[in-house]
$ cat data_7.pdb   # PDB, C-alpha atoms, pLDDT in the B column
ATOM      1  CA  MET C   1     -15.464  36.346 -31.761  1.00 65.00           C
ATOM      2  CA  PHE C   2     -13.833  38.997 -33.966  1.00 80.00           C
ATOM      3  CA  SER C   3     -16.482  38.495 -36.659  1.00 81.00           C
ATOM      4  CA  GLN C   4     -19.277  39.227 -34.162  1.00 80.00           C
ATOM      5  CA  GLN C   5     -17.491  42.248 -32.701  1.00 81.00           C
ATOM      6  CA  ILE C   6     -16.786  43.942 -36.038  1.00 86.00           C
ATOM      7  CA  LYS C   7     -20.321  43.334 -37.318  1.00 84.00           C
ATOM      8  CA  SER C   8     -21.817  44.647 -34.075  1.00 81.00           C
ATOM      9  CA  LEU C   9     -19.660  47.803 -34.131  1.00 83.00           C
ATOM     10  CA  ARG C  10     -20.453  48.480 -37.778  1.00 84.00           C
ATOM     11  CA  LYS C  11     -24.197  48.202 -37.194  1.00 81.00           C
ATOM     12  CA  LYS C  12     -24.027  50.225 -33.988  1.00 79.00           C
ATOM     13  CA  ASN C  13     -22.458  53.055 -35.962  1.00 79.00           C
ATOM     14  CA  LYS C  14     -25.021  52.626 -38.761  1.00 78.00           C
ATOM     15  CA  LEU C  15     -22.416  51.953 -41.421  1.00 83.00           C
ATOM     16  CA  SER C  16     -22.842  49.727 -44.442  1.00 85.00           C
ATOM     17  CA  GLN C  17     -20.055  47.328 -45.375  1.00 86.00           C
ATOM     18  CA  ALA C  18     -19.242  49.586 -48.322  1.00 85.00           C
ATOM     19  CA  GLU C  19     -19.031  52.686 -46.098  1.00 85.00           C
ATOM     20  CA  LEU C  20     -16.740  50.947 -43.612  1.00 86.00           C
ATOM     21  CA  ALA C  21     -14.570  49.637 -46.443  1.00 85.00           C
ATOM     22  CA  LYS C  22     -14.203  53.167 -47.802  1.00 85.00           C
ATOM     23  CA  GLN C  23     -13.142  54.523 -44.414  1.00 83.00           C
ATOM     24  CA  LEU C  24     -10.523  51.778 -44.002  1.00 84.00           C
ATOM     25  CA  LYS C  25      -9.428  51.761 -47.653  1.00 84.00           C
ATOM     26  CA  VAL C  26     -10.134  48.056 -48.066  1.00 86.00           C
ATOM     27  CA  THR C  27     -12.600  46.186 -50.264  1.00 88.00           C
ATOM     28  CA  GLN C  28     -16.199  45.496 -49.314  1.00 88.00           C
ATOM     29  CA  GLN C  29     -15.440  41.810 -49.895  1.00 88.00           C
ATOM     30  CA  ALA C  30     -12.792  41.989 -47.146  1.00 88.00           C
ATOM     31  CA  ILE C  31     -15.367  43.343 -44.680  1.00 89.00           C
ATOM     32  CA  GLY C  32     -17.770  40.587 -45.660  1.00 88.00           C
ATOM     33  CA  LYS C  33     -15.141  37.895 -45.055  1.00 88.00           C
ATOM     34  CA  TRP C  34     -14.295  39.366 -41.644  1.00 89.00           C
ATOM     35  CA  GLU C  35     -17.945  39.353 -40.592  1.00 87.00           C
ATOM     36  CA  THR C  36     -18.526  35.762 -41.717  1.00 85.00           C
ATOM     37  CA  GLY C  37     -15.326  34.534 -40.079  1.00 83.00           C
ATOM     38  CA  LYS C  38     -13.720  33.508 -43.369  1.00 85.00           C
ATOM     39  CA  SER C  39     -10.693  35.709 -42.686  1.00 86.00           C
ATOM     40  CA  THR C  40      -9.260  38.171 -40.195  1.00 85.00           C
ATOM     41  CA  PRO C  41      -7.289  41.358 -40.835  1.00 87.00           C
ATOM     42  CA  ASP C  42      -3.572  41.634 -40.289  1.00 86.00           C
ATOM     43  CA  THR C  43      -2.111  43.350 -37.232  1.00 84.00           C
ATOM     44  CA  ASP C  44      -1.826  46.785 -38.837  1.00 84.00           C
ATOM     45  CA  THR C  45      -5.429  46.685 -40.043  1.00 86.00           C
ATOM     46  CA  LEU C  46      -6.595  45.571 -36.595  1.00 86.00           C
ATOM     47  CA  LYS C  47      -4.906  48.650 -35.126  1.00 86.00           C
ATOM     48  CA  ARG C  48      -6.615  50.876 -37.708  1.00 85.00           C
ATOM     49  CA  LEU C  49      -9.957  49.284 -36.877  1.00 87.00           C
ATOM     50  CA  ALA C  50      -9.407  49.887 -33.174  1.00 83.00           C
ATOM     51  CA  GLU C  51      -8.505  53.549 -33.818  1.00 83.00           C
ATOM     52  CA  PHE C  52     -11.449  53.950 -36.173  1.00 83.00           C
ATOM     53  CA  PHE C  53     -13.985  52.652 -33.643  1.00 81.00           C
ATOM     54  CA  LYS C  54     -12.159  54.262 -30.711  1.00 80.00           C
ATOM     55  CA  THR C  55     -11.690  50.976 -28.903  1.00 80.00           C
ATOM     56  CA  SER C  56      -8.862  48.459 -28.351  1.00 81.00           C
ATOM     57  CA  VAL C  57      -7.531  45.522 -30.348  1.00 81.00           C
ATOM     58  CA  ASP C  58      -8.269  43.316 -27.320  1.00 78.00           C
ATOM     59  CA  PHE C  59     -11.929  44.331 -27.490  1.00 77.00           C
ATOM     60  CA  LEU C  60     -12.081  43.525 -31.192  1.00 81.00           C
ATOM     61  CA  LEU C  61     -10.611  40.081 -30.518  1.00 79.00           C
ATOM     62  CA  GLY C  62     -13.000  39.425 -27.642  1.00 70.00           C
ATOM     63  CA  ILE C  63     -10.330  39.486 -24.950  1.00 66.00           C
ATOM     64  CA  GLU C  64     -11.617  42.696 -23.362  1.00 51.00           C
ATOM     65  CA  HIS C  65     -15.350  43.058 -22.757  1.00 46.00           C
ATOM     66  CA  THR C  66     -15.744  46.780 -22.026  1.00 45.00           C
ATOM     67  CA  VAL C  67     -18.073  48.241 -24.632  1.00 42.00           C
ATOM     68  CA  PRO C  68     -16.640  51.453 -26.123  1.00 43.00           C
ATOM     69  CA  GLU C  69     -18.748  54.577 -25.732  1.00 42.00           C
ATOM     70  CA  ASN C  70     -19.524  57.145 -28.420  1.00 38.00           C
ATOM     71  CA  ASN C  71     -17.330  55.391 -30.950  1.00 40.00           C
ATOM     72  CA  ILE C  72     -18.710  56.988 -34.106  1.00 36.00           C
ATOM     73  CA  PRO C  73     -15.492  57.873 -35.952  1.00 39.00           C
ATOM     74  CA  PHE C  74     -16.590  61.022 -37.765  1.00 40.00           C
ATOM     75  CA  GLU C  75     -18.709  63.970 -36.715  1.00 43.00           C
ATOM     76  CA  VAL C  76     -21.989  62.975 -38.349  1.00 47.00           C
ATOM     77  CA  GLU C  77     -25.221  63.059 -36.402  1.00 50.00           C
ATOM     78  CA  TYR C  78     -27.849  60.406 -37.008  1.00 51.00           C
ATOM     79  CA  ASP C  79     -31.489  59.900 -36.066  1.00 51.00           C
ATOM     80  CA  ASP C  80     -34.568  58.275 -37.601  1.00 53.00           C
ATOM     81  CA  SER C  81     -34.637  61.038 -40.262  1.00 62.00           C
ATOM     82  CA  GLY C  82     -31.174  60.128 -41.528  1.00 75.00           C
ATOM     83  CA  PHE C  83     -27.746  61.697 -41.224  1.00 81.00           C
ATOM     84  CA  GLY C  84     -27.199  65.295 -40.144  1.00 84.00           C
ATOM     85  CA  ILE C  85     -25.760  67.096 -43.160  1.00 87.00           C
ATOM     86  CA  PRO C  86     -24.069  70.479 -42.538  1.00 88.00           C
ATOM     87  CA  VAL C  87     -25.957  73.547 -43.770  1.00 90.00           C
ATOM     88  CA  ILE C  88     -23.727  76.278 -45.198  1.00 89.00           C
ATOM     89  CA  GLY C  89     -24.372  79.740 -46.515  1.00 87.00           C
ATOM     90  CA  THR C  90     -21.773  80.200 -49.246  1.00 86.00           C
ATOM     91  CA  VAL C  91     -19.275  78.368 -51.411  1.00 84.00           C
ATOM     92  CA  ARG C  92     -16.169  80.171 -52.646  1.00 79.00           C
ATOM     93  CA  ALA C  93     -13.067  79.282 -54.585  1.00 71.00           C
ATOM     94  CA  GLY C  94     -10.037  78.971 -52.325  1.00 58.00           C
ATOM     95  CA  TYR C  95      -6.403  78.121 -52.965  1.00 53.00           C
ATOM     96  CA  ASN C  96      -6.512  74.877 -54.963  1.00 53.00           C
ATOM     97  CA  SER C  97      -9.814  73.998 -53.281  1.00 62.00           C
ATOM     98  CA  LEU C  98     -13.299  75.183 -52.454  1.00 74.00           C
ATOM     99  CA  ALA C  99     -14.180  76.880 -49.180  1.00 73.00           C
ATOM    100  CA  TYR C 100     -17.535  76.146 -47.545  1.00 74.00           C
ATOM    101  CA  ASN C 101     -18.448  79.113 -45.375  1.00 75.00           C
ATOM    102  CA  ASP C 102     -20.991  79.937 -42.655  1.00 74.00           C
ATOM    103  CA  ASP C 103     -22.263  77.213 -40.354  1.00 74.00           C
ATOM    104  CA  PHE C 104     -26.049  77.051 -40.019  1.00 81.00           C
ATOM    105  CA  GLY C 105     -26.271  73.738 -38.200  1.00 84.00           C
ATOM    106  CA  VAL C 106     -27.513  70.544 -39.826  1.00 85.00           C
ATOM    107  CA  GLU C 107     -30.456  69.237 -41.828  1.00 88.00           C
ATOM    108  CA  TYR C 108     -31.196  65.521 -41.995  1.00 87.00           C
ATOM    109  CA  ALA C 109     -31.133  63.391 -45.136  1.00 88.00           C
ATOM    110  CA  ASN C 110     -31.123  59.681 -45.920  1.00 87.00           C
ATOM    111  CA  VAL C 111     -27.952  59.357 -47.985  1.00 86.00           C
ATOM    112  CA  LYS C 112     -25.002  57.019 -48.202  1.00 82.00           C
ATOM    113  CA  ASN C 113     -21.580  58.479 -47.403  1.00 82.00           C
ATOM    114  CA  PRO C 114     -22.965  61.599 -45.670  1.00 85.00           C
ATOM    115  CA  GLU C 115     -19.511  63.190 -45.598  1.00 84.00           C
ATOM    116  CA  ASP C 116     -19.857  63.641 -49.365  1.00 88.00           C
ATOM    117  CA  TYR C 117     -22.833  66.021 -49.037  1.00 91.00           C
ATOM    118  CA  PHE C 118     -23.709  69.488 -47.811  1.00 91.00           C
ATOM    119  CA  TYR C 119     -26.817  71.644 -47.754  1.00 92.00           C
ATOM    120  CA  LEU C 120     -26.609  75.098 -49.318  1.00 93.00           C
ATOM    121  CA  ILE C 121     -29.029  77.895 -48.502  1.00 92.00           C
ATOM    122  CA  VAL C 122     -30.343  79.273 -51.794  1.00 92.00           C
ATOM    123  CA  ARG C 123     -30.007  83.048 -52.130  1.00 89.00           C
ATOM    124  CA  GLY C 124     -31.934  85.192 -54.617  1.00 90.00           C
ATOM    125  CA  ASP C 125     -34.786  84.499 -57.016  1.00 92.00           C
ATOM    126  CA  SER C 126     -32.927  83.502 -60.191  1.00 93.00           C
ATOM    127  CA  MET C 127     -34.210  79.911 -59.926  1.00 93.00           C
ATOM    128  CA  GLU C 128     -37.859  80.725 -59.251  1.00 92.00           C
ATOM    129  CA  PRO C 129     -40.518  79.473 -59.534  1.00 90.00           C
ATOM    130  CA  ARG C 130     -39.051  76.003 -58.925  1.00 91.00           C
ATOM    131  CA  ILE C 131     -36.490  76.996 -56.272  1.00 92.00           C
ATOM    132  CA  LYS C 132     -37.054  79.964 -54.003  1.00 91.00           C
ATOM    133  CA  ASP C 133     -34.895  82.224 -51.880  1.00 90.00           C
ATOM    134  CA  GLY C 134     -34.197  80.505 -48.566  1.00 90.00           C
ATOM    135  CA  ASP C 135     -34.728  76.958 -49.850  1.00 92.00           C
ATOM    136  CA  LEU C 136     -32.189  74.291 -49.000  1.00 93.00           C
ATOM    137  CA  ALA C 137     -30.328  72.482 -51.774  1.00 94.00           C
ATOM    138  CA  LEU C 138     -28.783  69.104 -50.979  1.00 94.00           C
ATOM    139  CA  VAL C 139     -25.482  68.985 -52.873  1.00 94.00           C
ATOM    140  CA  HIS C 140     -23.299  65.980 -53.610  1.00 94.00           C
ATOM    141  CA  LYS C 141     -19.649  67.065 -53.680  1.00 91.00           C
ATOM    142  CA  GLN C 142     -18.169  66.307 -57.093  1.00 91.00           C
ATOM    143  CA  PRO C 143     -15.844  68.168 -59.483  1.00 91.00           C
ATOM    144  CA  THR C 144     -17.792  67.461 -62.684  1.00 93.00           C
ATOM    145  CA  LEU C 145     -21.347  67.767 -63.972  1.00 94.00           C
ATOM    146  CA  ASN C 146     -23.234  66.210 -66.849  1.00 94.00           C
ATOM    147  CA  ASP C 147     -25.110  68.255 -69.388  1.00 93.00           C
ATOM    148  CA  GLY C 148     -28.447  69.284 -67.898  1.00 93.00           C
ATOM    149  CA  ASP C 149     -27.459  68.740 -64.256  1.00 95.00           C
ATOM    150  CA  LEU C 150     -28.460  71.244 -61.625  1.00 95.00           C
ATOM    151  CA  GLY C 151     -25.233  72.210 -59.916  1.00 95.00           C
ATOM    152  CA  VAL C 152     -23.408  74.633 -57.653  1.00 95.00           C
ATOM    153  CA  ILE C 153     -20.744  76.417 -59.651  1.00 94.00           C
ATOM    154  CA  VAL C 154     -18.212  79.012 -58.530  1.00 92.00           C
ATOM    155  CA  TYR C 155     -17.021  81.420 -61.203  1.00 88.00           C
ATOM    156  CA  GLY C 156     -13.998  83.616 -60.543  1.00 79.00           C
ATOM    157  CA  ASP C 157     -13.980  85.168 -57.080  1.00 74.00           C
ATOM    158  CA  ASN C 158     -17.755  85.115 -56.735  1.00 81.00           C
ATOM    159  CA  GLU C 159     -19.841  82.947 -54.446  1.00 83.00           C
ATOM    160  CA  GLY C 160     -21.211  79.659 -55.723  1.00 89.00           C
ATOM    161  CA  THR C 161     -24.326  79.944 -57.826  1.00 92.00           C
ATOM    162  CA  LEU C 162     -27.024  77.320 -58.270  1.00 94.00           C
ATOM    163  CA  LYS C 163     -27.828  76.934 -61.970  1.00 95.00           C
ATOM    164  CA  LYS C 164     -28.658  74.400 -64.665  1.00 95.00           C
ATOM    165  CA  TYR C 165     -25.348  73.366 -66.236  1.00 96.00           C
ATOM    166  CA  SER C 166     -24.831  72.825 -69.942  1.00 95.00           C
ATOM    167  CA  ARG C 167     -21.695  72.398 -71.978  1.00 92.00           C
ATOM    168  CA  ARG C 168     -21.402  72.990 -75.713  1.00 90.00           C
ATOM    169  CA  GLY C 169     -17.867  72.217 -76.823  1.00 87.00           C
ATOM    170  CA  ASP C 170     -15.619  74.834 -75.211  1.00 89.00           C
ATOM    171  CA  THR C 171     -18.539  76.807 -73.800  1.00 95.00           C
ATOM    172  CA  ILE C 172     -20.320  76.416 -70.468  1.00 95.00           C
ATOM    173  CA  ILE C 173     -23.841  77.777 -70.067  1.00 96.00           C
ATOM    174  CA  LEU C 174     -25.254  78.461 -66.601  1.00 95.00           C
ATOM    175  CA  GLN C 175     -29.001  78.713 -67.082  1.00 95.00           C
ATOM    176  CA  PRO C 176     -31.396  80.210 -64.505  1.00 94.00           C
ATOM    177  CA  PHE C 177     -35.027  79.075 -64.319  1.00 94.00           C
ATOM    178  CA  ASN C 178     -36.348  82.616 -63.862  1.00 94.00           C
ATOM    179  CA  PRO C 179     -36.914  84.143 -67.345  1.00 93.00           C
ATOM    180  CA  ASP C 180     -36.095  87.601 -65.950  1.00 94.00           C
ATOM    181  CA  TYR C 181     -32.446  86.537 -65.704  1.00 93.00           C
ATOM    182  CA  GLU C 182     -30.049  85.897 -68.563  1.00 93.00           C
ATOM    183  CA  ALA C 183     -27.892  82.809 -68.874  1.00 94.00           C
ATOM    184  CA  LYS C 184     -24.210  83.126 -67.985  1.00 93.00           C
ATOM    185  CA  ILE C 185     -22.012  82.019 -70.892  1.00 95.00           C
ATOM    186  CA  ILE C 186     -18.390  81.152 -70.130  1.00 94.00           C
ATOM    187  CA  SER C 187     -15.825  80.213 -72.753  1.00 93.00           C
ATOM    188  CA  GLY C 188     -12.157  80.439 -73.702  1.00 90.00           C
ATOM    189  CA  GLU C 189      -9.638  81.173 -70.972  1.00 90.00           C
ATOM    190  CA  ASP C 190     -12.470  82.052 -68.586  1.00 90.00           C
ATOM    191  CA  LEU C 191     -13.141  78.320 -68.246  1.00 90.00           C
ATOM    192  CA  ASN C 192     -10.028  78.166 -66.058  1.00 88.00           C
ATOM    193  CA  ASN C 193     -11.902  80.192 -63.451  1.00 88.00           C
ATOM    194  CA  VAL C 194     -14.857  77.801 -63.204  1.00 91.00           C
ATOM    195  CA  TYR C 195     -15.041  75.539 -60.144  1.00 90.00           C
ATOM    196  CA  ILE C 196     -17.765  72.928 -59.687  1.00 93.00           C
ATOM    197  CA  ALA C 197     -18.728  72.410 -56.053  1.00 91.00           C
ATOM    198  CA  GLY C 198     -21.243  69.634 -56.680  1.00 93.00           C
ATOM    199  CA  ARG C 199     -24.511  68.382 -58.101  1.00 95.00           C
ATOM    200  CA  VAL C 200     -27.852  69.293 -56.553  1.00 95.00           C
ATOM    201  CA  VAL C 201     -29.768  66.087 -55.808  1.00 95.00           C
ATOM    202  CA  GLU C 202     -32.834  67.641 -54.169  1.00 94.00           C
ATOM    203  CA  THR C 203     -34.187  70.895 -52.796  1.00 93.00           C
ATOM    204  CA  LYS C 204     -36.593  71.553 -49.950  1.00 90.00           C
ATOM    205  CA  THR C 205     -38.454  74.582 -48.686  1.00 87.00           C
ATOM    206  CA  LYS C 206     -37.867  75.633 -45.085  1.00 68.00           C
ATOM    207  CA  TRP C 207     -40.909  77.225 -43.508  1.00 55.00           C
TER     208      TRP C 207
END
$ encode --input "data_7.pdb" --output "structure tokens"
Amino acid sequence: MFSQQIKSLRKKNKLSQAELAKQLKVTQQAIGKWETGKSTPDTDTLKRLAEFFKTSVDFLLGIEHTVPENNIPFEVEYDDSGFGIPVIGTVRAGYNSLAYNDDFGVEYANVKNPEDYFYLIVRGDSMEPRIKDGDLALVHKQPTLNDGDLGVIVYGDNEGTLKKYSRRGDTIILQPFNPDYEAKIISGEDLNNVYIAGRVVETKTKW
């Protein structure tokens, strides 16, 4: 009975086995064994599962038959267009972290692990003609970029800027697409003031 309950709850919440495993800090193989009835979690993990799905251990074990309501464990909206990803206005460097400011609602995207993404409203024309003022950039949160990636980078106390990222030894180059703007070159001790908010995976124009 447990195998049916856990599989049903996972699908109801539109989670893959990998996504559920990440939330519980177990392996995907463990989830697979639970769902096929090859194994069951220990007592502590059962309690974590019950808390995660906002239900009871008895329900998971099939002893209690009341179906839990609204048991999605994190604040992520979902519809046929995908997950609702938060839209923000600015990214700034905070104390030992990055601050994501200004809440402009959500925009939907089909991505895995939606908590690892945010939409940023593009400001200015430095990335025209490819990316325009007011466009939305879907950003995957990550602290590093590869050479040639389009990323959101915070330098010093300024807001995050969307630029093409390049690294040449001890020098970072932030390249705009608009030829009317010069590239920002950062090197030496100034590299300590560079914070990478994430990699841009797509952009879209909002009409």
$ closest_residue --input "data_7.pdb" --among "C:Asp170, C:Gln175, C:Ala109, C:Val200" --to "Leu150 of chain C" --atoms "all atoms listed in the file"
C:Val200
$ residues_around --input "data_7.pdb" --residues "Asp102 of chain C" --least-positions-apart "2" --cutoff "7 Å" --atoms "all atoms listed in the file" --output "list in words"
Ile88, Gly89, Thr90 and Phe104 of chain C
$ write_last_selection --input "data_7.pdb" --atoms "C-alpha atoms" --output "PDB file, in the coordinates of the input"
ATOM      1  CA  ILE C  88     -23.727  76.278 -45.198  1.00 89.00           C
ATOM      2  CA  GLY C  89     -24.372  79.740 -46.515  1.00 87.00           C
ATOM      3  CA  THR C  90     -21.773  80.200 -49.246  1.00 86.00           C
ATOM      4  CA  PHE C 104     -26.049  77.051 -40.019  1.00 81.00           C
TER       5      PHE C 104
END
$ closest_residue --input "data_7.pdb" --among "C:Glu19, C:Asp135, C:Glu189, C:Asp147" --to "Lys204 of chain C" --atoms "all atoms listed in the file"
C:Asp135
$ closest_residue --input "data_7.pdb" --among "C:Val57, C:Glu159, C:Leu138, C:Lys11" --to "Asp44 of chain C" --atoms "all atoms listed in the file"
C:Val57
$ residues_around --input "data_7.pdb" --residues "Asp103 of chain C" --least-positions-apart "2" --cutoff "9 Å" --atoms "all atoms listed in the file" --output "PyMOL selection string"
chain C and resi 86-89+100-101+105-106
$ axis_aligned_box --input "data_7.pdb" --around "segment 51-63 of chain C" --padding-each-side "8 Å" --output "lines of an AutoDock Vina configuration file"
center_x = -10.8
center_y = 46.8
center_z = -30.6
size_x = 22.5
size_y = 30.8
size_z = 27.2
$ resolve_selection --input "data_7.pdb" --expression "the PyMOL selection byres ((chain C and resi 161-167) around 7)" --output "list of chain:residue names"
C:Asp147, C:Gly148, C:Asp149, C:Leu150, C:Gly151, C:Val152, C:Ile153, C:Val154, C:Glu159, C:Gly160, C:Arg168, C:Gly169, C:Thr171, C:Ile172, C:Ile173, C:Leu174, C:Gln175, C:Pro176
$ atom_distance --input "data_7.pdb" --atom1 "atom CA of Ala93 of chain C" --atom2 "atom CA of Ile131 of chain C"
23.6 Å
$ residues_near_point --input "data_7.pdb" --point "(-18.6, 48.5, -45.7)" --cutoff "9 Å" --atoms "all atoms listed in the file" --output "PyMOL selection string"
chain C and resi 10+15-24+26-32
$ closest_residue --input "data_7.pdb" --among "C:Tyr181, C:Phe2, C:Tyr195, C:Phe53" --to "Tyr155 of chain C" --atoms "all atoms listed in the file"
C:Tyr195
$ atom_distance --input "data_7.pdb" --atom1 "atom CA of Lys141 of chain C" --atom2 "atom CA of Lys25 of chain C"
19.4 Å
$ atom_distance --input "data_7.pdb" --atom1 "atom CA of Leu191 of chain C" --atom2 "atom CA of Gly156 of chain C"
9.4 Å
$ build_atoms --input "data_7.pdb" --residues "segment 108-124 of chain C" --atoms "N, CA and C atoms" --output "compact mmCIF listing (two decimals), in the coordinates of the input"
# COMPACT_ATOMS: atom_id res chain seq x y z
N TYR C 108 -31.34 66.97 -41.88
CA TYR C 108 -31.20 65.52 -42.00
C TYR C 108 -31.60 65.01 -43.38
N ALA C 109 -30.87 63.99 -43.83
CA ALA C 109 -31.13 63.39 -45.14
C ALA C 109 -30.71 61.93 -45.11
N ASN C 110 -31.47 61.09 -45.81
CA ASN C 110 -31.12 59.68 -45.92
C ASN C 110 -30.23 59.49 -47.13
N VAL C 111 -28.93 59.51 -46.90
CA VAL C 111 -27.95 59.36 -47.98
C VAL C 111 -26.85 58.41 -47.53
N LYS C 112 -26.19 57.78 -48.50
CA LYS C 112 -25.00 57.02 -48.20
C LYS C 112 -23.81 57.97 -48.22
N ASN C 113 -22.80 57.65 -47.46
CA ASN C 113 -21.58 58.48 -47.40
C ASN C 113 -21.92 59.94 -47.12
N PRO C 114 -22.51 60.24 -45.96
CA PRO C 114 -22.96 61.60 -45.67
C PRO C 114 -21.87 62.66 -45.72
N GLU C 115 -20.61 62.23 -45.55
CA GLU C 115 -19.51 63.19 -45.60
C GLU C 115 -19.33 63.77 -47.00
N ASP C 116 -19.98 63.17 -47.98
CA ASP C 116 -19.86 63.64 -49.36
C ASP C 116 -20.95 64.65 -49.74
N TYR C 117 -21.72 65.12 -48.76
CA TYR C 117 -22.83 66.02 -49.04
C TYR C 117 -22.77 67.27 -48.17
N PHE C 118 -23.43 68.32 -48.64
CA PHE C 118 -23.71 69.49 -47.81
C PHE C 118 -25.01 70.12 -48.28
N TYR C 119 -25.65 70.85 -47.39
CA TYR C 119 -26.82 71.64 -47.75
C TYR C 119 -26.38 73.09 -47.98
N LEU C 120 -26.89 73.69 -49.03
CA LEU C 120 -26.61 75.10 -49.32
C LEU C 120 -27.90 75.89 -49.24
N ILE C 121 -27.86 77.01 -48.55
CA ILE C 121 -29.03 77.90 -48.50
C ILE C 121 -29.09 78.70 -49.80
N VAL C 122 -30.19 78.58 -50.52
CA VAL C 122 -30.34 79.27 -51.79
C VAL C 122 -30.58 80.76 -51.53
N ARG C 123 -29.85 81.60 -52.25
CA ARG C 123 -30.01 83.05 -52.13
C ARG C 123 -30.49 83.62 -53.46
N GLY C 124 -31.45 84.52 -53.41
CA GLY C 124 -31.93 85.19 -54.62
C GLY C 124 -33.09 84.46 -55.28
